[in-house]
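Student: Contents of model-v5.cif (mmCIF, C-alpha atoms and all ligand atoms):
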```cif
data_upload
loop_
_atom_site.label_atom_id
_atom_site.label_comp_id
_atom_site.auth_asym_id
_atom_site.auth_seq_id
_atom_site.Cartn_x
_atom_site.Cartn_y
_atom_site.Cartn_z
CA GLN Y 1 13.16 0.98 -4.63
CA ALA Y 2 11.50 -1.18 -7.27
CA GLY Y 3 14.24 -0.17 -9.68
CA ASP Y 4 17.07 -1.01 -7.29
CA LEU Y 5 15.53 -4.36 -6.49
CA ALA Y 6 15.14 -5.09 -10.21
CA ARG Y 7 18.81 -4.31 -10.72
CA ASP Y 8 19.81 -6.61 -7.85
CA LEU Y 9 17.71 -9.42 -9.31
CA GLY Y 10 18.76 -8.74 -12.88
CA TYR Y 11 15.16 -8.02 -13.91
CA HIS Y 12 13.64 -5.25 -15.96
CA VAL Y 13 10.69 -3.59 -14.36
CA TYR Y 14 8.17 -1.14 -15.76
CA ALA Y 15 5.36 0.97 -14.40
CA VAL Y 16 2.46 0.52 -16.82
CA GLY Y 17 -1.12 1.38 -17.58
CA GLY Y 18 -3.23 3.96 -15.81
CA PHE Y 19 -0.38 4.99 -13.54
CA VAL Y 20 1.73 6.15 -16.48
CA ARG Y 21 -1.25 7.68 -18.27
CA ASP Y 22 -2.05 9.69 -15.16
CA ILE Y 23 1.52 10.94 -14.77
CA LEU Y 24 1.32 12.33 -18.30
CA LEU Y 25 -2.04 13.85 -17.49
CA HIS Y 26 -0.70 15.30 -14.22
CA ARG Y 27 -3.35 13.44 -12.30
CA ARG Y 28 -3.00 11.73 -8.97
CA ASN Y 29 -3.07 7.95 -9.10
CA LEU Y 30 -2.06 5.92 -6.11
CA ASP Y 31 -2.55 2.51 -7.73
CA VAL Y 32 0.70 1.41 -9.23
CA ASP Y 33 0.85 -1.36 -11.84
CA LEU Y 34 4.22 -2.95 -12.41
CA VAL Y 35 5.25 -5.39 -15.09
CA VAL Y 36 8.33 -7.42 -14.35
CA GLU Y 37 10.46 -9.22 -16.83
CA GLY Y 38 11.40 -11.93 -14.39
CA ASP Y 39 9.60 -13.77 -11.62
CA GLY Y 40 6.83 -11.30 -10.75
CA ILE Y 41 5.72 -13.05 -7.57
CA TYR Y 42 9.25 -13.33 -6.19
CA PHE Y 43 9.81 -9.67 -7.09
CA ALA Y 44 6.61 -8.68 -5.27
CA ARG Y 45 7.62 -10.62 -2.14
CA ARG Y 46 11.04 -8.96 -2.06
CA LEU Y 47 9.62 -5.50 -2.72
CA ALA Y 48 7.00 -5.99 -0.01
CA LEU Y 49 9.80 -6.83 2.44
CA ASP Y 50 11.57 -3.57 1.54
CA LEU Y 51 8.38 -1.52 1.78
CA GLY Y 52 6.83 -3.26 4.77
CA GLY Y 53 3.74 -4.46 2.89
CA ARG Y 54 1.73 -7.67 2.60
CA VAL Y 55 1.55 -9.77 -0.55
CA ARG Y 56 -1.32 -11.69 -2.11
CA ALA Y 57 -0.09 -13.84 -4.94
CA HIS Y 58 -1.98 -15.62 -7.73
CA LYS Y 59 0.40 -18.31 -8.85
CA LYS Y 60 -1.78 -19.32 -11.79
CA PHE Y 61 -1.58 -15.86 -13.34
CA LYS Y 62 1.92 -15.12 -12.06
CA THR Y 63 0.61 -11.91 -10.53
CA ALA Y 64 0.71 -10.46 -7.05
CA VAL Y 65 -0.66 -7.51 -5.16
CA ILE Y 66 1.39 -5.70 -2.56
CA ILE Y 67 -0.71 -3.94 0.03
CA LEU Y 68 1.17 -1.25 1.90
CA PRO Y 69 0.39 -0.29 5.50
CA ASP Y 70 -1.38 2.90 4.32
CA GLY Y 71 -3.66 0.81 2.10
CA GLN Y 72 -1.92 1.68 -1.17
CA ARG Y 73 -1.79 -1.16 -3.69
CA ILE Y 74 0.94 -2.15 -6.06
CA ASP Y 75 -0.07 -4.71 -8.66
CA VAL Y 76 2.76 -6.78 -10.03
CA ALA Y 77 2.45 -8.82 -13.21
CA THR Y 78 4.93 -11.05 -14.93
CA ALA Y 79 5.63 -10.21 -18.56
CA ARG Y 80 5.46 -13.29 -20.70
CA LEU Y 81 9.04 -14.21 -20.85
CA GLU Y 82 10.00 -15.66 -24.17
CA TYR Y 83 13.58 -14.94 -23.34
CA TYR Y 84 13.50 -17.46 -20.52
CA GLU Y 85 12.51 -19.98 -23.12
CA HIS Y 86 15.09 -18.76 -25.61
CA PRO Y 87 17.86 -17.17 -23.57
CA ALA Y 88 20.01 -16.63 -26.63
CA ALA Y 89 17.50 -14.23 -28.10
CA LEU Y 90 17.58 -11.97 -25.06
CA PRO Y 91 18.70 -8.64 -26.46
CA THR Y 92 16.11 -8.43 -29.21
CA VAL Y 93 13.28 -10.00 -27.29
CA GLU Y 94 13.80 -7.88 -24.21
CA LEU Y 95 11.48 -5.04 -25.14
CA SER Y 96 9.08 -7.26 -27.01
CA THR Y 97 8.01 -8.85 -23.72
CA VAL Y 98 6.69 -5.54 -22.39
CA LYS Y 99 5.39 -4.86 -25.85
CA MET Y 100 3.36 -8.05 -25.71
CA ASP Y 101 2.01 -7.08 -22.34
CA LEU Y 102 1.09 -3.61 -23.54
CA SER Y 103 -0.44 -4.84 -26.79
CA ARG Y 104 -3.05 -6.83 -24.87
CA ARG Y 105 -4.38 -3.74 -23.15
CA ASP Y 106 -7.56 -1.83 -23.86
CA PHE Y 107 -6.61 1.63 -25.14
CA THR Y 108 -3.48 3.26 -26.46
CA VAL Y 109 -3.49 5.72 -23.57
CA ASN Y 110 -3.31 2.75 -21.19
CA ALA Y 111 -0.61 1.01 -23.17
CA LEU Y 112 2.32 3.11 -22.04
CA ALA Y 113 5.15 2.00 -19.78
CA VAL Y 114 7.98 3.68 -17.92
CA GLN Y 115 11.09 1.66 -17.24
CA LEU Y 116 12.11 1.72 -13.58
CA ASP Y 117 15.35 -0.24 -13.39
CA PRO Y 118 18.41 1.98 -13.20
CA GLU Y 119 19.74 0.77 -16.53
CA GLN Y 120 17.21 2.98 -18.33
CA PHE Y 121 15.34 4.63 -15.51
CA GLY Y 122 12.50 6.84 -16.70
CA ARG Y 123 12.48 5.68 -20.30
CA LEU Y 124 8.98 6.02 -21.71
CA VAL Y 125 7.98 2.97 -23.71
CA ASP Y 126 5.35 3.94 -26.25
CA PHE Y 127 4.79 1.44 -29.04
CA PHE Y 128 1.23 2.35 -29.88
CA GLY Y 129 1.07 6.12 -29.97
CA GLY Y 130 -0.36 6.52 -26.49
CA GLN Y 131 1.48 9.75 -25.88
CA LYS Y 132 0.11 11.28 -29.06
CA ASP Y 133 -3.41 10.18 -28.14
CA ILE Y 134 -3.06 11.76 -24.72
CA LYS Y 135 -1.98 14.99 -26.41
CA GLU Y 136 -4.88 14.72 -28.83
CA LYS Y 137 -7.28 13.75 -26.04
CA THR Y 138 -8.41 10.63 -27.82
CA ILE Y 139 -9.47 7.22 -26.58
CA ARG Y 140 -8.46 4.67 -29.16
CA VAL Y 141 -8.58 0.90 -29.01
CA MET Y 142 -5.48 -1.06 -29.84
CA HIS Y 143 -7.13 -3.27 -32.45
CA SER Y 144 -10.49 -3.77 -34.10
CA LEU Y 145 -11.50 -6.85 -32.11
CA SER Y 146 -10.96 -5.21 -28.76
CA PHE Y 147 -14.64 -4.75 -27.87
CA VAL Y 148 -15.57 -8.18 -29.15
CA GLU Y 149 -12.85 -9.76 -27.05
CA ASP Y 150 -13.96 -7.87 -23.99
CA PRO Y 151 -17.20 -5.86 -24.15
CA THR Y 152 -16.59 -4.29 -20.73
CA ARG Y 153 -14.13 -2.12 -22.63
CA ILE Y 154 -17.08 -0.31 -24.17
CA LEU Y 155 -18.04 0.87 -20.71
CA ARG Y 156 -14.42 1.65 -19.89
CA ALA Y 157 -13.96 3.64 -23.10
CA VAL Y 158 -16.85 5.91 -22.20
CA ARG Y 159 -15.74 6.19 -18.57
CA PHE Y 160 -12.24 7.35 -19.55
CA GLU Y 161 -13.58 9.60 -22.29
CA GLN Y 162 -15.84 11.43 -19.86
CA ARG Y 163 -13.40 11.44 -16.96
CA PHE Y 164 -10.61 13.07 -18.92
CA HIS Y 165 -12.83 15.11 -21.24
CA PHE Y 166 -11.40 13.18 -24.18
CA GLN Y 167 -13.14 12.02 -27.34
CA LEU Y 168 -13.51 8.51 -28.68
CA GLY Y 169 -11.51 8.07 -31.86
CA GLY Y 170 -13.66 7.78 -35.02
CA GLN Y 171 -12.79 4.14 -35.61
CA THR Y 172 -13.24 3.34 -31.92
CA GLU Y 173 -16.71 4.87 -31.99
CA ARG Y 174 -17.59 2.83 -35.08
CA LEU Y 175 -16.36 -0.31 -33.36
CA ILE Y 176 -18.62 0.40 -30.39
CA LYS Y 177 -21.61 0.75 -32.70
CA ASN Y 178 -20.59 -2.42 -34.41
CA ALA Y 179 -20.29 -4.28 -31.14
CA GLN Y 180 -23.76 -2.99 -30.28
CA ARG Y 181 -25.12 -4.41 -33.51
CA LEU Y 182 -23.57 -7.72 -32.52
CA ASN Y 183 -25.41 -7.47 -29.19
CA MET Y 184 -22.18 -7.76 -27.25
CA MET Y 185 -23.70 -6.41 -24.04
CA HIS Y 186 -26.02 -9.39 -23.85
CA LYS Y 187 -23.02 -11.64 -23.71
CA LEU Y 188 -21.63 -9.95 -20.64
CA SER Y 189 -22.25 -11.55 -17.28
CA GLY Y 190 -24.15 -9.58 -14.67
CA SER Y 191 -21.24 -9.35 -12.30
CA ARG Y 192 -18.92 -7.96 -14.96
CA VAL Y 193 -21.48 -5.39 -16.04
CA PHE Y 194 -22.09 -4.41 -12.46
CA GLY Y 195 -18.34 -4.17 -11.78
CA GLU Y 196 -18.06 -1.62 -14.58
CA LEU Y 197 -21.31 0.14 -13.76
CA ARG Y 198 -20.15 0.59 -10.19
CA LEU Y 199 -16.88 2.12 -11.42
CA ILE Y 200 -18.90 4.53 -13.56
CA LEU Y 201 -21.19 5.42 -10.68
CA ASN Y 202 -18.16 6.06 -8.48
CA GLU Y 203 -16.74 8.58 -10.94
CA SER Y 204 -17.10 12.23 -9.98
CA LYS Y 205 -19.50 12.91 -12.90
CA PRO Y 206 -21.27 9.67 -13.70
CA LEU Y 207 -24.25 11.30 -15.33
CA ALA Y 208 -22.23 12.37 -18.38
CA CYS Y 209 -21.04 8.75 -18.76
CA LEU Y 210 -24.56 7.41 -18.47
CA GLN Y 211 -25.83 9.89 -21.03
CA ARG Y 212 -23.06 8.99 -23.41
CA LEU Y 213 -23.84 5.29 -22.97
CA GLU Y 214 -27.49 6.05 -23.56
CA SER Y 215 -26.58 7.79 -26.81
CA PHE Y 216 -25.20 4.46 -28.03
CA ASN Y 217 -28.25 2.61 -26.59
CA ILE Y 218 -25.88 0.71 -24.38
CA LEU Y 219 -27.78 1.14 -21.13
CA GLU Y 220 -30.91 -0.31 -22.64
CA SER Y 221 -29.02 -3.18 -24.14
CA ILE Y 222 -27.74 -4.05 -20.68
CA HIS Y 223 -31.32 -4.08 -19.46
CA PRO Y 224 -34.42 -2.29 -20.75
CA LEU Y 225 -35.08 -0.90 -17.27
CA LEU Y 226 -31.72 0.82 -17.22
CA LYS Y 227 -33.07 4.01 -18.72
CA LEU Y 228 -32.63 7.69 -18.07
CA ASP Y 229 -36.04 9.32 -18.18
CA GLY Y 230 -36.39 13.01 -17.27
CA ASN Y 231 -37.14 12.30 -13.66
CA ARG Y 232 -34.25 9.90 -13.13
CA GLN Y 233 -31.94 12.27 -14.91
CA ARG Y 234 -32.92 15.10 -12.57
CA ILE Y 235 -32.44 12.91 -9.51
CA LEU Y 236 -28.99 11.89 -10.75
CA GLU Y 237 -28.07 15.53 -11.37
CA GLU Y 238 -29.12 16.36 -7.84
CA THR Y 239 -27.25 13.35 -6.52
CA GLU Y 240 -24.10 14.70 -8.17
CA ARG Y 241 -24.70 18.03 -6.47
CA VAL Y 242 -25.38 16.50 -3.06
CA LEU Y 243 -22.38 14.17 -3.20
CA GLY Y 244 -20.18 17.07 -4.31
CA TRP Y 245 -21.37 19.08 -1.34
CA TYR Y 246 -20.84 16.18 1.04
CA ARG Y 247 -17.35 15.45 -0.33
CA LEU Y 248 -16.24 19.01 0.43
CA LEU Y 249 -17.11 18.54 4.07
CA TYR Y 250 -14.60 15.70 4.49
CA LEU Y 251 -16.96 14.01 6.92
CA ASP Y 252 -16.56 10.46 8.10
CA PRO Y 253 -17.63 7.95 7.00
CA GLU Y 254 -17.32 8.28 3.27
CA PRO Y 255 -20.44 7.23 1.39
CA ARG Y 256 -20.54 4.68 -1.40
CA PRO Y 257 -21.49 7.02 -4.27
CA TRP Y 258 -22.54 4.16 -6.56
CA LEU Y 259 -25.24 3.20 -4.10
CA VAL Y 260 -26.79 6.67 -4.04
CA TYR Y 261 -26.76 6.79 -7.84
CA PHE Y 262 -28.09 3.28 -8.09
CA LEU Y 263 -31.04 4.27 -5.94
CA GLY Y 264 -31.59 7.09 -8.44
CA LEU Y 265 -31.47 4.68 -11.36
CA CYS Y 266 -34.15 2.59 -9.63
CA SER Y 267 -36.42 5.51 -8.89
CA GLY Y 268 -39.94 5.13 -10.23
CA TYR Y 269 -39.62 1.35 -10.26
CA ASN Y 270 -41.42 -1.08 -8.01
CA GLN Y 271 -39.94 -3.92 -6.07
CA SER Y 272 -40.29 -6.49 -8.83
CA GLN Y 273 -38.72 -4.18 -11.41
CA VAL Y 274 -35.78 -3.60 -9.09
CA HIS Y 275 -35.59 -7.35 -8.71
CA LEU Y 276 -35.24 -7.70 -12.48
CA LEU Y 277 -32.41 -5.18 -12.52
CA ALA Y 278 -30.72 -6.85 -9.57
CA HIS Y 279 -31.04 -10.16 -11.39
CA ARG Y 280 -29.45 -8.81 -14.59
CA LEU Y 281 -26.60 -7.38 -12.56
CA ALA Y 282 -26.22 -10.68 -10.69
CA PHE Y 283 -26.55 -9.11 -7.28
CA PRO Y 284 -25.94 -11.55 -4.48
CA GLN Y 285 -29.15 -12.03 -2.49
CA LYS Y 286 -27.72 -10.06 0.40
CA ARG Y 287 -27.07 -6.97 -1.75
CA GLU Y 288 -30.50 -7.16 -3.34
CA ASN Y 289 -32.20 -7.50 0.05
CA PHE Y 290 -30.21 -4.59 1.38
CA ILE Y 291 -31.26 -2.36 -1.51
CA GLN Y 292 -34.90 -3.41 -1.45
CA GLN Y 293 -35.05 -2.79 2.31
CA LEU Y 294 -33.25 0.53 1.94
CA ARG Y 295 -35.78 1.66 -0.67
CA GLN Y 296 -38.63 0.79 1.68
CA ASP Y 297 -37.02 2.58 4.59
CA ILE Y 298 -36.37 5.62 2.43
CA SER Y 299 -39.94 5.88 1.24
CA GLN Y 300 -41.19 5.54 4.82
CA CYS Y 301 -38.76 8.22 5.91
CA ARG Y 302 -39.96 10.51 3.14
CA GLU Y 303 -43.51 10.30 4.40
CA GLN Y 304 -42.50 10.83 7.99
CA LEU Y 305 -40.28 13.74 7.06
CA GLY Y 306 -43.30 15.36 5.45
CA SER Y 307 -45.29 15.23 8.65
CA TRP Y 308 -42.25 16.21 10.71
CA MET Y 309 -42.03 19.40 8.64
CA GLN Y 310 -45.74 20.08 8.92
CA ASN Y 311 -45.72 19.64 12.67
CA HIS Y 312 -42.51 21.65 13.15
CA GLY Y 313 -40.96 18.65 14.85
CA GLN Y 314 -37.98 18.66 17.16
CA VAL Y 315 -34.42 18.04 16.05
CA SER Y 316 -34.39 14.87 18.12
CA ASP Y 317 -37.39 13.47 16.19
CA LEU Y 318 -35.54 14.09 12.95
CA PHE Y 319 -32.47 12.47 14.45
CA PHE Y 320 -34.24 9.28 15.53
CA LEU Y 321 -35.95 9.10 12.17
CA LEU Y 322 -32.76 9.33 10.13
CA GLU Y 323 -30.17 7.73 12.35
CA PRO Y 324 -31.09 4.13 11.40
CA LEU Y 325 -30.74 4.92 7.67
CA PRO Y 326 -27.41 4.22 6.02
CA LEU Y 327 -25.63 7.43 5.04
CA GLU Y 328 -26.37 6.76 1.37
CA GLY Y 329 -30.08 6.73 2.19
CA VAL Y 330 -29.90 10.18 3.75
CA LEU Y 331 -27.92 11.54 0.82
CA TYR Y 332 -30.47 10.08 -1.54
CA LEU Y 333 -33.27 11.74 0.43
CA MET Y 334 -31.42 15.02 -0.02
CA ALA Y 335 -31.14 14.45 -3.75
CA ARG Y 336 -34.86 13.63 -3.94
CA GLY Y 337 -35.86 16.68 -1.95
CA TYR Y 338 -34.25 19.11 -4.35
CA LYS Y 339 -36.88 21.84 -4.12
CA ASP Y 340 -37.93 20.89 -0.70
CA PRO Y 341 -37.20 22.90 2.46
CA VAL Y 342 -36.53 19.54 4.08
CA ARG Y 343 -33.17 19.42 2.31
CA ARG Y 344 -31.80 22.13 4.55
CA HIS Y 345 -32.78 20.14 7.62
CA LEU Y 346 -31.21 17.02 6.19
CA SER Y 347 -27.97 18.87 5.56
CA LEU Y 348 -28.02 20.25 9.07
CA TYR Y 349 -28.62 16.76 10.38
CA LEU Y 350 -25.64 15.39 8.45
CA THR Y 351 -23.25 18.16 9.40
CA GLN Y 352 -24.22 18.58 13.03
CA TYR Y 353 -26.17 15.73 14.44
CA ARG Y 354 -25.47 12.42 12.75
CA GLY Y 355 -23.64 10.02 15.02
CA GLN Y 356 -24.18 12.09 18.16
CA GLU Y 357 -24.21 10.15 21.39
CA PRO Y 358 -25.60 10.96 24.80
CA ASP Y 359 -23.11 12.47 27.23
CA ILE Y 360 -23.58 9.58 29.60
CA THR Y 361 -23.25 5.87 28.95
CA GLY Y 362 -24.79 2.71 30.27
CA LYS Y 363 -21.80 2.39 32.56
CA ASP Y 364 -22.72 5.68 34.25
CA LEU Y 365 -26.21 4.37 34.86
CA GLN Y 366 -24.77 1.16 36.27
CA GLN Y 367 -22.57 3.12 38.62
CA MET Y 368 -25.62 4.99 39.76
CA GLY Y 369 -26.96 1.63 40.83
CA LEU Y 370 -29.71 1.34 38.25
CA PRO Y 371 -30.55 -2.30 37.58
CA SER Y 372 -29.74 -3.07 33.97
CA GLY Y 373 -32.65 -3.61 31.58
CA PRO Y 374 -34.52 -2.01 28.70
CA LEU Y 375 -34.91 1.14 30.74
CA TYR Y 376 -31.27 2.03 30.00
CA ARG Y 377 -32.10 2.53 26.35
CA THR Y 378 -35.02 4.79 27.11
CA ILE Y 379 -32.99 6.89 29.52
CA LEU Y 380 -30.03 7.23 27.16
CA GLN Y 381 -32.36 8.17 24.32
CA ARG Y 382 -34.01 10.84 26.43
CA VAL Y 383 -30.67 12.24 27.50
CA LEU Y 384 -29.58 12.37 23.88
CA ALA Y 385 -32.86 13.94 22.79
CA ALA Y 386 -32.44 16.65 25.40
CA LYS Y 387 -28.92 17.32 24.18
CA LEU Y 388 -30.04 17.52 20.55
CA ASP Y 389 -32.96 19.77 21.33
CA GLY Y 390 -30.66 22.01 23.32
CA LYS Y 391 -32.48 21.47 26.55
CA ALA Y 392 -31.20 20.42 29.92
CA PRO Y 393 -32.20 16.81 30.28
CA ASP Y 394 -35.44 16.27 32.07
CA ARG Y 395 -34.25 14.23 34.94
CA PRO Y 396 -35.95 10.90 34.43
CA ALA Y 397 -37.82 9.89 37.55
CA GLN Y 398 -36.00 6.59 37.57
CA LEU Y 399 -32.73 8.41 38.12
CA GLU Y 400 -33.87 9.90 41.40
CA MET Y 401 -31.97 8.33 44.23
N1 LIG N 501 -7.17 -3.35 -18.85
C1 LIG N 501 -7.52 -3.82 -20.09
N2 LIG N 501 -8.78 -4.29 -20.33
C2 LIG N 501 -9.70 -4.29 -19.33
C3 LIG N 501 -9.35 -3.84 -18.06
C4 LIG N 501 -8.07 -3.36 -17.85
O1 LIG N 501 -6.70 -3.80 -21.00
N3 LIG N 501 -10.93 -4.77 -19.58
C5 LIG N 501 -5.78 -2.84 -18.62
C6 LIG N 501 -5.60 -1.37 -18.95
O2 LIG N 501 -4.39 -1.23 -19.62
C7 LIG N 501 -5.51 -0.68 -17.61
C8 LIG N 501 -4.93 -1.79 -16.72
O3 LIG N 501 -5.41 -3.01 -17.28
O4 LIG N 501 -4.67 0.44 -17.66
C9 LIG N 501 -5.34 -1.69 -15.28
O5 LIG N 501 -6.75 -1.72 -15.15
P1 LIG N 501 -7.51 -0.72 -14.20
O6 LIG N 501 -6.84 -0.67 -12.90
O7 LIG N 501 -8.96 -1.02 -14.28
O8 LIG N 501 -7.28 0.61 -15.07
P2 LIG N 501 -6.77 2.05 -14.78
O9 LIG N 501 -6.40 2.52 -16.14
O10 LIG N 501 -5.76 2.12 -13.73
O11 LIG N 501 -8.14 2.73 -14.38
P3 LIG N 501 -8.52 3.67 -13.16
O12 LIG N 501 -7.79 4.94 -13.41
O13 LIG N 501 -10.02 3.80 -13.27
O14 LIG N 501 -8.09 2.92 -11.93
#
```
With the file now loaded, output its structure as structure tokens.
Ligand code: CTP
Tutor:
Amino acid sequence: QAGDLARDLGYHVYAVGGFVRDILLHRRNLDVDLVVEGDGIYFARRLALDLGGRVRAHKKFKTAVIILPDGQRIDVATARLEYYEHPAALPTVELSTVKMDLSRRDFTVNALAVQLDPEQFGRLVDFFGGQKDIKEKTIRVMHSLSFVEDPTRILRAVRFEQRFHFQLGGQTERLIKNAQRLNMMHKLSGSRVFGELRLILNESKPLACLQRLESFNILESIHPLLKLDGNRQRILEETERVLGWYRLLYLDPEPRPWLVYFLGLCSGYNQSQVHLLAHRLAFPQKRENFIQQLRQDISQCREQLGSWMQNHGQVSDLFFLLEPLPLEGVLYLMARGYKDPVRRHLSLYLTQYRGQEPDITGKDLQQMGLPSGPLYRTILQRVLAAKLDGKAPDRPAQLEM
């Protein structure tokens, strides 16, 4: 459809970046990036009409995002159009506009394009040897100033390297070390570092990325507290295992993996140390408060779980203990309890009990003529507890007519 529309408008349009890379790697990628030689925003609006999506446009950058009803995103950028400025030069400049767009990108493997307009549908545009680097499993920067221009690319390089089981090119690796010597990480704002760190922690194997970053001393140069000691490393390994297990269950809701890993990265630190990390990563106050509170709740839960085990507590006690914790907190508890028999109970809780509700509602109680008040909560909790513990509910005296 994008191709047909481009033909109707007389534009050239290309799929670019990670989308093309992932086609060549036979990997699924639902995020499509398009570059349009023409008016990108107008193109996006027309395409959204055809596809039934919404458009968010950034006039300043001449870019737009189409959001389709199923949540899929199509990013549309406008190639810098010299040929608008010099129409006579059109034939020769035509490809150089995509070339310009591609040359500004981070790595050769991300600097590939596929033409989509029918004139040359499916033509692979590869000016920088991206295809060869994909074959050779190499992450290579486009030019030697790449990391100095944008130090987040250091984190991206390692993320792609580990995700695809590639290797950094020799020169690229030297440039990372060089950027380290120039202290480039210090120059990065907290929110940009966190943006990249979150992407790393949302990868399926973040630990390998973190270890690789550590081997370049990059974690420490972000903040001295960002360190993988043996204990943290083991917790992160277990987190990977727990999240892998949870993923296979296809349970709702999906957790935020980065948050579970981040808790692991903070393990062994006190509140003020976590504050320092949060400060470096420019957490908004709300996020920092949430994490500090979550850490407190988790450590309380850990203690209470200990006595629950000792006292052979009921399922319902476990339920009421864990239910207020965000899912990520429970997963983290599982990762922490790696040799602990409590892990089995936590997994049972997640697979069978979390989110359970009593079989009656407040409305039922109302219909029974019970005056509304705090008693409702107690009754509903007792009904739920009875259900969880597999007992017939003790009929609360207040329900007697
Ligand atoms: N890009 C870049 N420099 C950056 C960030 C992004 O050059 N610091 C370019 C890359 O060419 C990348 C494209 O912008 O392919 C889109 O960025 P993003 O969506 O982050 O990259 P993907 O390659 O699609 O990564 P992922 O598979 O993780 O979504």
Student: If we count all atoms listed in the file, what is near Y:Asp33 at a cut-off of 8 Å, once residues fewer than 5 positions away on the same chain are taken out, given as a PDB file with C-alpha atoms, in the frame of the given file?
Tutor:
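Output below, filename selection.pdb:
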```pdb
ATOM      1  CA  ALA Y  15       5.360   0.970 -14.400  1.00  0.00           C
ATOM      2  CA  VAL Y  16       2.460   0.520 -16.820  1.00  0.00           C
ATOM      3  CA  GLY Y  17      -1.120   1.380 -17.580  1.00  0.00           C
ATOM      4  CA  GLY Y  18      -3.230   3.960 -15.810  1.00  0.00           C
ATOM      5  CA  PHE Y  19      -0.380   4.990 -13.540  1.00  0.00           C
ATOM      6  CA  ILE Y  74       0.940  -2.150  -6.060  1.00  0.00           C
ATOM      7  CA  ASP Y  75      -0.070  -4.710  -8.660  1.00  0.00           C
ATOM      8  CA  VAL Y  76       2.760  -6.780 -10.030  1.00  0.00           C
ATOM      9  CA  ALA Y  77       2.450  -8.820 -13.210  1.00  0.00           C
TER      10      ALA Y  77
END
```
Student: For the atom pair atom CA of Y:Gln356 and atom CA of Y:Asn202, what is the interatomic distance in Å to one decimal place?
Tutor: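 The value is 28.0 Å.
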Student: Using all atoms listed in the file, find the one residue out of Y:Glu328, Y:Gln314, Y:Ser307, Y:Arg354 that sits nearest to Y:Gly264.
Tutor: Y:Glu328
Student: Around all the atoms of stretch 351-369 of chain Y listed in the file, draw an axis-aligned box and extend it by 8 Å on each of the six sides; I want its centre and edge lengths in Å to one decimal, as lines of an AutoDock Vina configuration file.
Tutor:
```
center_x = -24.4
center_y = 9.9
center_z = 25.1
size_x = 21.2
size_y = 33.4
size_z = 47.4
```
Student: Could you list, as a ChimeraX atom specification, all the residues within 6 Å of ligand LIG 501 (chain N), counting all atoms listed in the file?
Tutor: /Y:17-18,105-106,110-111,152-153
Student: Which one of Y:Gly40, Y:Gly268, Y:Gly362, Y:Pro371 sits closest to Y:Leu226 if you count all atoms listed in the file?
Tutor: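 Closest to Y:Leu226 of all the choices is Y:Gly268.
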Student: Figure out the distance between atom CA of Y:Leu199 and atom CA of Y:Met100, please, to one decimal in Å.
Tutor: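 We find that atom CA of Y:Met100 and atom CA of Y:Leu199 lie 26.8 Å from each other.
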Student: Fewer than 3 positions away in the same chain doesn't count, so skip those; otherwise give me all residues within 10 Å of stretch 275-292 of chain Y, counting all atoms listed in the file, as a list in words.
Tutor: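 My list of contacting residues is His186, Leu188, Ser189, Gly190, Ser191, Arg192, Val193, Phe194, Gly195, Leu197, Ile222, His223, Pro224, Leu225, Leu226, Leu259, Phe262, Leu263, Leu265, Cys266, Tyr269, Asn270, Gln271, Ser272, Arg295, Gln296, Asp297, Ile298 and Gly329 of chain Y.
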Student: Using all atoms listed in the file, which residues sit within 8 Å of stretch 162-178 of chain Y once same-chain residues fewer than 3 positions away are excluded, as a list in words?
Tutor: Lys137, Thr138, Ile139, Arg140, Val141, Ser144, Phe147, Ile154, Ala157, Val158, Arg159, Arg181, Leu182, Glu203, Ser204, Lys205, Ala208, Cys209 and Phe216 of chain Y
Student: Go ahead and compute the interatomic distance for atom CA of Y:Gln381 and atom CA of Y:Pro358, in Å to one decimal.
Tutor: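 Atom CA of Y:Pro358 lies at a distance of 7.3 Å from atom CA of Y:Gln381.
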Student: Which one is closest to Y:Leu251: Y:Gly53, Y:Gly355, Y:Gly129, Y:Gly71? Count all atoms listed in the file.
Tutor: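 Among the listed residues, Y:Gly355 lies closest to Y:Leu251.
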Student: Just checking: using all atoms listed in the file, which residue out of Y:Arg54, Y:Arg45, Y:Lys59, Y:Arg123 ends up closest to Y:His12?
Tutor: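 Smallest separation from Y:His12 among the options: Y:Arg123.
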Student: Got a sec: who's within 10 Å of Y:Leu365, counting all atoms listed in the file, leaving out chain neighbours fewer than 3 positions off, as a ChimeraX atom specification?
Tutor: /Y:360-362,368-372,376,379-380,399
Student: Could you give me, as a list in words, the residues within 7 Å of Y:Leu124, counting all atoms listed in the file and dropping anything in the same chain fewer than 2 positions from it?
Tutor: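 Those residues are Ala113, Val114, Gln115, Gly122 and Asp126 of chain Y.
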Student: Under the rule that only C-alpha atoms are counted, which of Y:Asp70, Y:Asp117, Y:Arg27, Y:Val65 is the nearest residue to Y:Asp4?
Tutor: Y:Asp117
Student: Ranking Y:Val274, Y:Leu331, Y:Cys301, Y:Ala179 by minimum distance to Y:Leu243 and counting all atoms listed in the file, which one comes first?
Tutor: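 For Y:Leu243, the nearest of the candidates is Y:Leu331.
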Student: Find the residues with any atom within 12 Å of (7.6, -5.0, 2.9); use all atoms listed in the file and the coordinates as given in the file, and write the answer as a ChimeraX atom specification.
Tutor: /Y:1-2,43-55,65-69,74
